[in-house]
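Below: one structure, written as structure tokens.
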Amino acid sequence: MHDLIEFSKLVEINPQTVVTGRIAPFVGMEDVSEDGRLLNIRRRSVGDLSGGLSVFRDDDVLFAKITPCMENGKGAHVAGLESNTGLGSTEFHVLRARRNVVPRYIYHWTQSKRFRRAAEAMMAGSAGHRRVPVEFFHRYLIPRFTFAEQQRIVEILDAVDVGLAATAAALIKQQALANGIISHLLSPPDGKAAEGWEVRPVNRVGEVQIGRQLSPSQLNGRHMRPYLRVANVHDGYIDYSDVLEMNFTPAEFATFSIERGDVLLNEGQSLELVGRSALYDGPPGMCFQNTLIRFRPRHVLPTVARAIFKRWLDTGEFMKIALQTTSIAHLGSERFAAMPFVLPPMAEQQRIAETVDALEGEERAMRNEQQRLVLLRQGLMEDLLGGRVRV
């Protein structure tokens, strides 16, 4: 058995770093992915940036501290800076590996579900603005590994990450192809061919319902039900591997239950992801939190509705109506309900749905492989980082 030590013994938390130069690399919350990748490094004038930013350098780990970005897995290991220092969103904690600690070891810890769930339990602040306090890193205990053991753990987990990166690249190509085809199908034709196409507000095509607000008093009760939150609903699929429970009375269950064919949309998210949606395909008896909006189709096929919402996400229509506070944007159920929805005639909807189903079938196969690797990675993290398996 390994001795346990505080996580803070391995890292400096938000270390004081002097910014050099008038132009600096900049990383915002939208520049990191939910699977821990650094997507983009921008160049910004230091004078144009407001105070209170996080400062980092190569080999530091960025850890999103605000909800829902933290729960979603946002963060990154910084590498490839063109200068000594970079600037980032104030909603990042910066973690710098201490002497004789492997930086990628720290990164893999911050990507583990065990670590994120523990951080979520210690978040403080009002709804929508809850953040992970620095105290969490001082209280969270991990096994003590030697430098050599850390290196071996990193080698194993990095090898899985290479496979994940290759699968993600193939999936992006498939999605780009599908998006182009679907965008064409959803565009109303000209002239007589456009007969039967209508424009209605969203709430006249289906029912719009925002989810139930999370309350500490409802974490126990006689009517516990599984519920989905923003961390579960991704672009085109739902992750059922991390579902929580909350008390829903029978009357509340009637309002907040989910049925197959419902479309769930992210209500509170980072601006570029607000409105992200997926079709519900899970078991009966599940509910949803107010970080999500439920659209229940009435006059449109579920597959077509999801395709239209996906198009709105990709073209920035959701961003136009979202209201942003700090790093979190809110779609708003009333604003969403009023959006103009181009409704094809039913015969056209059926043709669109057949094409979308075929394209999404190919995408689903790739995503299943991606999910297999994600589960492998999480299992290895539990075994290796938790000290269950000797390195």
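Residue names in the structure tokens use chain letters A, B, ... in the order shown, residue numbers from 1 in each chain, and ligand numbers from 1 in the order shown.
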Problem set entry | Non-local contacts of region 208-222 of chain A (10 Å; only C-alpha atoms; under 6 positions in same chain excluded) as an NGL selection string | :A and (127 or 202 or 228-229 or 244-249 or 252-253 or 255-257 or 263-265 or 267 or 287-297 or 332-334 or 336-337)
Exercise. Near His129 (chain A), within 9 Å and counting only C-alpha atoms, which residues show up once chain neighbours fewer than 2 positions away are dropped, as number ranges by chain?
Worked result: A: 66-68, 124-127, 131, 325-326, 328
For this session: Using only C-alpha atoms, find the one residue out of A:Val102, A:Val304, A:Ala119, A:Ile142 that sits nearest to Gly73 (chain A).
Result: A:Ala119
Problem set entry | Spatial neighbours of Leu186 (chain A), max dist 10 Å, only C-alpha atoms, sep filter under 5 positions, as a list of chain:residue names |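 Contacts, in chain order: A:Ile181, A:Val304, A:Ala307, A:Ile308, A:Arg311, A:Val342, A:Leu343, A:Pro344, A:Glu348, A:Gln349, A:Ile352.
With CA of Glu6 (chain A) on one side and CA of Asn232 (chain A) on the other, the separation reads 29.4 Å.
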For this session: Take CA of Arg225 (chain A) and CA of Lys113 (chain A) and report the distance between them in Å, one decimal.
Result: 21.5 Å
For this session: Please return as JSON, numbers by chain: the residues of region 166-356 of chain A that backbone DSSP assigns to strand (DSSP E or B).
Result: {"A": [198, 199, 200, 201, 206, 207, 208, 209, 210, 212, 224, 225, 226, 227, 228, 233, 238, 244, 245, 246, 247, 257, 263, 264, 265, 266, 268, 269, 277, 278, 279, 287, 288, 289, 292, 293, 294, 295, 296, 297, 323, 324, 325, 328, 329, 330, 340, 341, 342, 343]}
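Coordinates place CA of Gly275 (chain A) at a distance of 20.1 Å from CA of Glu363 (chain A).
When only C-alpha atoms are used to compute distances to Val374 (chain A), the closest of the residues A:Thr167, A:Tyr105, A:Ser8, A:Val230 turns out to be A:Thr167.
Residue nearest Arg200 (chain A), chosen from A:Pro340, A:Pro188, A:Gly163, A:Gly86 and counting only C-alpha atoms: A:Pro340.
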Problem set entry | Members of region 83-233 of chain A assigned helix (DSSP H, G or I) by DSSP, as a PyMOL selection string | chain A and resi 103-111+113-121+135-139+147-185+191-194+202-204+216-218
